[in-house]
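**Q** Below is the file my_file-v9.cif, which contains mmCIF, C-alpha atoms.
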data_run
#
loop_
_atom_site.label_atom_id
_atom_site.label_comp_id
_atom_site.auth_asym_id
_atom_site.auth_seq_id
_atom_site.Cartn_x
_atom_site.Cartn_y
_atom_site.Cartn_z
CA MET Y 1 136.34 85.35 101.01
CA LYS Y 2 135.02 88.26 103.09
CA TYR Y 3 133.55 89.79 99.93
CA ILE Y 4 131.66 86.56 99.16
CA ILE Y 5 130.33 86.40 102.73
CA PHE Y 6 129.19 90.04 102.46
CA ILE Y 7 127.27 89.27 99.25
CA ILE Y 8 125.64 86.20 100.83
CA LEU Y 9 124.58 88.21 103.89
CA CYS Y 10 123.08 90.95 101.72
CA CYS Y 11 121.17 88.40 99.65
CA ASN Y 12 119.83 86.77 102.82
CA ILE Y 13 118.70 90.17 104.15
CA LEU Y 14 116.87 91.00 100.93
CA ALA Y 15 115.29 87.55 100.73
CA GLN Y 16 113.77 88.01 104.20
CA SER Y 17 113.18 91.78 104.13
CA GLN Y 18 110.52 93.13 101.83
CA VAL Y 19 109.00 95.89 103.98
CA ILE Y 20 110.51 99.38 103.98
CA ASN Y 21 109.96 101.36 107.19
CA PHE Y 22 110.07 105.12 107.76
CA GLU Y 23 110.11 105.87 111.50
CA PRO Y 24 109.49 109.61 112.20
CA PHE Y 25 111.74 111.95 114.16
CA LEU Y 26 111.98 115.71 114.72
CA SER Y 27 115.79 115.82 114.70
CA GLY Y 28 118.17 115.40 111.77
CA GLU Y 29 120.07 112.70 113.66
CA CYS Y 30 116.93 110.64 114.42
CA TYR Y 31 117.78 110.67 118.12
CA GLY Y 32 115.40 110.86 121.03
CA VAL Y 33 111.75 109.84 121.13
CA PRO Y 34 110.12 109.18 117.72
CA SER Y 35 107.50 111.79 116.80
CA GLY Y 36 105.48 112.48 113.67
CA ILE Y 37 103.96 110.46 110.84
CA GLY Y 38 105.62 107.21 109.84
CA TYR Y 39 105.11 104.62 107.13
CA SER Y 40 105.75 100.95 106.44
CA VAL Y 41 105.37 99.89 102.82
CA GLN Y 42 105.56 96.59 100.99
CA ALA Y 43 108.31 96.63 98.37
CA TYR Y 44 107.52 96.00 94.69
CA GLN Y 45 103.86 96.98 94.99
CA CYS Y 46 102.05 100.01 93.60
CA ILE Y 47 100.37 102.07 96.31
CA ASN Y 48 97.59 104.51 95.47
CA ASN Y 49 96.67 107.51 97.63
CA ILE Y 50 98.94 106.68 100.54
CA GLY Y 51 97.50 109.66 102.44
CA SER Y 52 93.89 108.49 102.44
CA PHE Y 53 93.99 108.21 106.24
CA PHE Y 54 94.54 111.96 106.64
CA ASN Y 55 92.48 115.08 105.92
CA VAL Y 56 94.36 115.95 102.75
CA GLY Y 57 93.03 117.33 99.49
CA GLN Y 58 94.69 116.90 96.12
CA TYR Y 59 97.77 114.69 96.09
CA ASP Y 60 100.94 115.88 94.40
CA TYR Y 61 101.51 112.24 93.46
CA GLN Y 62 98.64 109.77 93.09
CA SER Y 63 100.70 106.62 93.46
CA TRP Y 64 104.07 105.33 94.65
CA PHE Y 65 106.27 102.35 93.89
CA PHE Y 66 108.91 101.32 96.44
CA GLY Y 67 111.73 98.96 95.58
CA ILE Y 68 115.14 97.60 96.55
CA THR Y 69 117.84 97.20 93.91
CA THR Y 70 120.89 94.98 94.23
CA GLU Y 71 124.23 96.63 93.53
CA PRO Y 72 127.15 94.96 91.64
CA ASN Y 73 129.17 94.87 94.87
CA GLY Y 74 126.45 92.89 96.62
CA GLY Y 75 124.93 95.84 98.46
CA PHE Y 76 121.47 97.25 97.88
CA THR Y 77 119.65 100.56 97.46
CA ILE Y 78 116.15 101.50 98.64
CA TYR Y 79 114.22 103.78 96.30
CA ALA Y 80 110.76 105.17 95.66
CA ASN Y 81 109.21 106.30 92.37
CA SER Y 82 106.27 108.70 92.36
CA TYR Y 83 103.58 108.89 89.67
CA GLU Y 84 101.08 111.63 88.93
CA GLN Y 85 98.48 109.01 87.95
CA GLU Y 86 97.05 106.10 89.91
CA ASN Y 87 98.23 102.50 89.50
CA CYS Y 88 101.81 103.69 88.85
CA THR Y 89 101.09 104.53 85.23
CA GLY Y 90 102.44 107.29 83.05
CA GLU Y 91 105.74 109.06 83.53
CA ILE Y 92 107.68 108.96 86.79
CA GLY Y 93 107.25 112.26 88.63
CA ALA Y 94 110.32 111.88 90.83
CA THR Y 95 112.68 109.23 92.18
CA PHE Y 96 113.97 109.22 95.76
CA ASP Y 97 117.05 107.29 96.90
CA PHE Y 98 117.33 106.14 100.53
CA GLY Y 99 120.66 104.34 100.35
CA ASN Y 100 120.95 100.94 101.98
CA GLY Y 101 118.74 101.70 104.97
CA ASP Y 102 119.60 102.05 108.66
CA SER Y 103 120.01 105.77 108.04
CA CYS Y 104 118.36 109.07 108.95
CA THR Y 105 116.98 111.08 106.05
CA THR Y 106 114.65 113.98 105.36
CA THR Y 107 111.06 112.75 105.24
CA GLU Y 108 109.89 112.64 101.64
CA LEU Y 109 106.49 114.12 100.82
CA PHE Y 110 104.59 110.86 100.42
CA VAL Y 111 101.61 112.83 101.69
CA SER Y 112 101.41 116.56 100.98
CA ILE Y 113 99.82 117.82 104.18
CA ASN Y 114 99.56 121.60 104.46
CA ALA Y 115 99.84 121.66 108.21
CA THR Y 116 102.09 122.17 111.19
CA PHE Y 117 102.94 119.44 113.68
CA ASP Y 118 103.19 119.96 117.44
CA LYS Y 119 102.60 123.68 116.79
CA VAL Y 120 105.99 124.46 115.21
CA TYR Y 121 107.14 121.78 112.76
CA ASN Y 122 106.33 121.61 109.05
CA LEU Y 123 106.26 118.40 107.08
CA SER Y 124 109.41 119.39 105.20
CA SER Y 125 111.31 119.72 108.48
CA LEU Y 126 110.63 116.19 109.69
CA TYR Y 127 112.98 113.22 109.39
CA SER Y 128 112.73 109.45 109.06
CA TYR Y 129 114.91 106.56 110.16
CA VAL Y 130 114.76 104.15 107.20
CA THR Y 131 115.04 100.39 107.65
CA ILE Y 132 113.97 97.21 105.89
CA SER Y 133 112.42 94.21 107.61
CA LYS Y 134 110.34 91.12 107.05
CA TYR Y 135 107.33 92.62 108.83
CA PRO Y 136 106.20 96.25 109.26
CA HIS Y 137 107.81 98.19 112.10
CA TYR Y 138 105.82 100.75 114.09
CA THR Y 139 106.81 103.10 116.87
CA ASP Y 140 105.37 101.96 120.18
CA ASN Y 141 102.06 103.47 121.29
CA SER Y 142 101.18 104.91 117.88
CA VAL Y 143 97.85 105.05 116.04
CA VAL Y 144 98.34 102.65 113.12
CA TYR Y 145 96.35 102.49 109.89
CA GLU Y 146 97.12 99.28 107.99
CA VAL Y 147 95.99 98.41 104.47
CA PHE Y 148 95.85 94.88 103.08
CA SER Y 149 95.05 93.90 99.49
CA THR Y 150 94.01 90.53 98.12
CA ASP Y 151 94.72 91.61 94.54
CA SER Y 152 97.36 89.32 93.11
CA PRO Y 153 100.88 90.80 92.83
CA GLY Y 154 101.57 92.10 89.35
CA SER Y 155 98.03 93.26 88.65
CA SER Y 156 97.42 96.90 87.85
CA SER Y 157 94.00 97.25 89.42
CA GLY Y 158 93.47 98.98 92.73
CA SER Y 159 91.19 101.05 94.90
CA SER Y 160 91.01 104.77 94.23
CA SER Y 161 90.59 105.55 97.90
CA GLY Y 162 92.89 103.08 99.52
CA SER Y 163 95.48 101.06 97.69
CA SER Y 164 96.58 99.02 94.74
CA SER Y 165 98.77 95.94 94.70
CA GLY Y 166 99.83 96.24 91.10
CA SER Y 167 103.58 96.27 90.70
CA SER Y 168 105.52 98.51 88.39
CA SER Y 169 109.09 98.49 87.25
CA GLY Y 170 111.22 101.24 88.69
CA SER Y 171 114.64 102.75 88.40
CA SER Y 172 116.96 103.45 91.30
CA SER Y 173 118.47 106.45 89.58
CA GLY Y 174 117.67 109.88 90.91
CA SER Y 175 118.64 112.36 93.53
CA SER Y 176 120.00 111.03 96.77
CA SER Y 177 118.70 112.19 100.14
CA GLY Y 178 121.23 113.20 102.72
CA SER Y 179 121.41 110.86 105.69
CA SER Y 180 123.33 110.30 108.86
CA SER Y 181 123.55 107.51 111.35
CA GLY Y 182 121.00 107.49 114.12
CA SER Y 183 119.22 105.33 116.62
CA SER Y 184 115.69 104.06 116.35
CA SER Y 185 113.47 103.23 119.29
CA GLY Y 186 110.25 101.27 119.29
CA SER Y 187 109.59 97.67 118.38
CA PRO Y 188 108.00 95.78 115.51
CA SER Y 189 104.30 95.22 115.88
CA GLY Y 190 102.28 92.29 114.70
CA SER Y 191 99.05 93.73 115.98
CA SER Y 192 96.63 92.20 113.52
CA SER Y 193 96.61 89.04 115.62
CA SER Y 194 93.18 90.03 116.94
CA SER Y 195 91.76 89.94 113.42
CA SER Y 196 89.06 87.35 112.84
CA SER Y 197 89.78 87.32 109.12
CA SER Y 198 92.63 85.49 107.43
CA LYS Y 199 92.93 88.42 105.01
CA CYS Y 200 94.76 90.44 107.67
CA LYS Y 201 96.68 87.69 109.42
CA ASN Y 202 100.39 87.00 109.14
CA TYR Y 203 100.83 90.02 106.84
CA GLU Y 204 100.58 87.84 103.75
CA HIS Y 205 98.45 90.51 102.02
CA PHE Y 206 100.03 93.55 103.69
CA LEU Y 207 100.36 96.56 101.38
CA TYR Y 208 101.24 99.57 103.53
CA ALA Y 209 100.65 101.33 106.82
CA ALA Y 210 100.68 104.93 108.02
CA PHE Y 211 101.12 105.56 111.72
CA VAL Y 212 100.98 108.63 113.97
CA THR Y 213 102.85 108.84 117.25
CA ASP Y 214 100.80 109.28 120.41
CA GLY Y 215 99.86 112.87 121.22
CA LEU Y 216 100.81 114.34 117.85
CA GLU Y 217 98.76 117.39 116.88
CA ILE Y 218 98.20 118.18 113.20
CA ASP Y 219 97.04 121.74 112.53
CA TYR Y 220 95.62 121.89 109.01
CA LYS Y 221 95.89 125.11 107.05
CA SER Y 222 93.66 124.49 104.04
CA TYR Y 223 92.41 121.73 101.70
CA LYS Y 224 88.94 120.25 102.12
CA SER Y 225 89.13 120.65 105.87
CA PRO Y 226 88.14 124.06 107.24
CA SER Y 227 91.16 126.25 107.88
CA GLY Y 228 92.26 125.80 111.46
CA LEU Y 229 91.07 122.21 111.90
CA LYS Y 230 93.23 120.43 114.45
CA GLU Y 231 93.56 116.68 114.91
CA THR Y 232 95.31 115.11 117.88
CA TYR Y 233 96.08 111.40 117.76
CA ASN Y 234 96.08 109.46 121.02
CA CYS Y 235 96.25 105.92 122.29
CA ASP Y 236 94.02 105.83 125.35
CA LYS Y 237 94.58 102.54 127.18
CA GLY Y 238 95.35 100.90 123.85
CA ILE Y 239 92.36 102.42 122.03
CA PRO Y 240 93.07 104.71 119.02
CA ILE Y 241 91.32 108.09 119.32
CA ILE Y 242 91.36 111.27 117.25
CA ASN Y 243 90.42 114.53 118.92
CA TYR Y 244 88.90 116.96 116.40
CA CYS Y 245 88.86 120.71 117.00
CA ALA Y 246 87.45 123.11 114.41
CA PRO Y 247 87.12 126.90 114.70
CA ASN Y 248 83.95 128.01 116.52
CA LYS Y 249 82.97 124.41 117.18
CA LYS Y 250 83.17 122.16 120.20
CA CYS Y 251 86.04 119.66 120.20
CA TYR Y 252 85.14 116.00 120.28
CA ASN Y 253 86.81 112.58 120.39
CA LYS Y 254 86.27 109.82 117.87
CA HIS Y 255 87.17 106.20 118.50
CA ILE Y 256 88.53 104.85 115.22
CA GLU Y 257 89.55 101.27 116.03
CA THR Y 258 88.62 98.75 113.33
CA THR Y 259 89.62 95.18 112.55
CA CYS Y 260 90.03 93.90 109.01
CA ASN Y 261 87.36 96.20 107.59
CA SER Y 262 86.55 95.88 103.87
CA LYS Y 263 84.56 99.11 103.40
CA VAL Y 264 87.26 100.59 101.16
CA SER Y 265 86.78 97.96 98.44
CA PRO Y 266 85.98 94.23 98.16
CA SER Y 267 89.69 93.42 97.83
CA THR Y 268 91.05 95.96 100.32
CA TYR Y 269 90.99 95.56 104.10
CA THR Y 270 92.03 97.96 106.85
CA ASN Y 271 93.11 97.71 110.46
CA ILE Y 272 93.27 100.67 112.82
CA PHE Y 273 94.79 100.03 116.25
CA CYS Y 274 97.41 101.19 118.74
CA SER Y 275 100.83 99.58 118.42
CA LYS Y 276 102.43 97.98 121.47
#
Any chance you could give the structure as structure tokens?

**A**
Amino acid sequence: MKYIIFIILCCNILAQSQVINFEPFLSGECYGVPSGIGYSVQAYQCINNIGSFFNVGQYDYQSWFFGITTEPNGGFTIYANSYEQENCTGEIGATFDFGNGDSCTTTELFVSINATFDKVYNLSSLYSYVTISKYPHYTDNSVVYEVFSTDSPGSSSGSSSGSSSGSSSGSSSGSSSGSSSGSSSGSPSGSSSSSSSSKCKNYEHFLYAAFVTDGLEIDYKSYKSPSGLKETYNCDKGIPIINYCAPNKKCYNKHIETTCNSKVSPSTYTNIFCSK
């Protein structure tokens, strides 16, 4: 009887939870105050160029497919497949296994940023607390970049600079990331309520989001950006700001807030705001 109840509970969780969240931490136990770059991604959708928000050059992987598989015992496994081509086509580059969520794991290289964070940390030394939910979950007071797509699920078309909503079949086999139990602070955000467009309301067309915790400094080492470029992300009274500092140039602030902007493509919309 308990086994049947467990299966029913797992099915109910999966039926209501289609967003996979990666909340960033600097410790391997995911304790303390969240810090770093986090992601929330819609399951069963192909996502192109997930790092388009950052000053990165060539991607190791052009597209990603995130999914949740049901196990014979009623449990589930969260996984991600990477592809060297856009629209999740061609051979799978690598498969990452995140277990059944609510766990702390090494941050996978969804975005290959050749940089240091807060002066000492490298991307490979960061961690994520992985959860699933009905709506995206962001750390409080973070600069959030949301992407929405009106392409119908199952299509293979997408934007080369933002996203694609085409789904792709994936396998949950692959190497498993080490994880340990941890606590996660912060609260879910539904901060597209200020949007005047229905395209970005209620997260019906949500595809993915990248978010940066307040005060995080990214010190780029190469790529298209000049060596030594530093970006600091801040939420100033609820307004998202990036402070740019380049060698031999004066630093300056740029306000980047936008609401349901469709400049990326006719079917792709973006929000940039500070989570609450």

**Q** Using only C-alpha atoms, can you tell me which of Y:Thr105, Y:Tyr127, Y:Thr69, Y:Asp60 comes closest to Gln85 (chain Y)?

**A** Y:Asp60

**Q** Quick check on the file I pasted: which residues fall under the PyMOL selection byres ((chain Y and resi 208) around 6)? Write them as a PyMOL selection string.

**A** chain Y and resi 40-42+147+207+209

**Q** Using only C-alpha atoms, which of Y:Tyr252, Y:Phe22, Y:Phe76, Y:Phe206 sits nearest Leu109 (chain Y)?

**A** Y:Phe22

**Q** Between Y:Cys235, Y:Ile241, Y:Val212, Y:Ile78, which has the minimum distance to Tyr138 (chain Y) (counting only C-alpha atoms)?

**A** Y:Val212

**Q** For the atom pair CA of Tyr44 (chain Y) and CA of Glu23 (chain Y), what is the interatomic distance in Å to one decimal place?

**A**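 The value is 19.7 Å.
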
**Q** Could you give me, as a ChimeraX atom specification, the residues within 6 Å of Tyr79 (chain Y), counting only C-alpha atoms and dropping anything in the same chain fewer than 2 positions from it?

**A** /Y:66-67,96-98,172

**Q** Using only C-alpha atoms, pick whichever of Y:Glu71, Y:Asp214, Y:Glu84, Y:Glu231 has the shortest atom-to-atom distance to Thr139 (chain Y).

**A**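 Counting only C-alpha atoms, the residue closest to Thr139 (chain Y) is Y:Asp214.
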
**Q** Using all atoms listed in the file, can you tell me which of Y:Thr213, Y:Ser27, Y:Asn81, Y:Asn73 comes closest to Tyr39 (chain Y)?

**A**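 Checking each of Y:Thr213, Y:Ser27, Y:Asn81, Y:Asn73 against Tyr39 (chain Y), counting all atoms listed in the file, the winner is Y:Thr213.
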
**Q** Extract, using all atoms listed in the file, all DNA, RNA and protein residues at most 8 Å from Ser128 (chain Y), discarding same-chain residues fewer than 3 positions from it, and format them as a PyMOL selection string.

**A** chain Y and resi 22-25+30+38+104-107

**Q** In Å to one decimal, how far is CA of Ile132 (chain Y) from CA of Gly101 (chain Y)?

**A**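 It comes out at 6.6 Å.
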
**Q** So, with all atoms listed in the file as the atoms that count, which of Y:Gly228, Y:Gly28, Y:Gly51, Y:Gly99 lies closest to Ile113 (chain Y)?

**A**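 Closest to Ile113 (chain Y) of all the choices is Y:Gly51.
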
**Q** Need the shell around Cys251 (chain Y): protein/DNA/RNA residues with any atom at most 12 Å away, counting only C-alpha atoms. Skip same-chain ones fewer than 6 positions apart. Format as number ranges by chain?

**A** Y: 229-232, 242-245

**Q** Which residues fall under the PyMOL selection byres ((chain Y and resi 142) around 10) in this file, as an MDAnalysis selection string?

**A** chainID Y and resid 34:38 138:141 143:145 186 210:216 233:235 238 240 273:276

**Q** Tyr121 (chain Y): which residues within 10 Å, counting all atoms listed in the file, same-chain residues fewer than 6 positions away excluded, as a PyMOL selection string?

**A** chain Y and resi 26+36+115+218

**Q** Separation of CA of Ser265 (chain Y) and CA of Asn48 (chain Y), in Å?

**A**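 For CA of Ser265 (chain Y) relative to CA of Asn48 (chain Y), the distance reads 13.0 Å.
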
**Q** I want to know what sits within 8 Å of Gly93 (chain Y), based on all atoms listed in the file, with residues of the same chain fewer than 2 positions away left out; could you give that as a PyMOL selection string?

**A** chain Y and resi 61+81-84+91+95

**Q** If you apply the PyMOL selection byres ((chain Y and resi 102) around 8) to this file, what residues do you get, as an MDAnalysis selection string?

**A** chainID Y and resid 100:101 103:104 129:132 181:182

**Q** For those residues, write C-alpha atoms to a file as a short mmCIF file (atom, residue, chain, number, x, y, z; two decimals), keeping the file's coordinate frame.

**A**
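In the end it all went to out06.cif:
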data_model
loop_
_atom_site.label_atom_id
_atom_site.label_comp_id
_atom_site.auth_asym_id
_atom_site.auth_seq_id
_atom_site.Cartn_x
_atom_site.Cartn_y
_atom_site.Cartn_z
CA ASN Y 100 120.95 100.94 101.98
CA GLY Y 101 118.74 101.70 104.97
CA SER Y 103 120.01 105.77 108.04
CA CYS Y 104 118.36 109.07 108.95
CA TYR Y 129 114.91 106.56 110.16
CA VAL Y 130 114.76 104.15 107.20
CA THR Y 131 115.04 100.39 107.65
CA ILE Y 132 113.97 97.21 105.89
CA SER Y 181 123.55 107.51 111.35
CA GLY Y 182 121.00 107.49 114.12
#
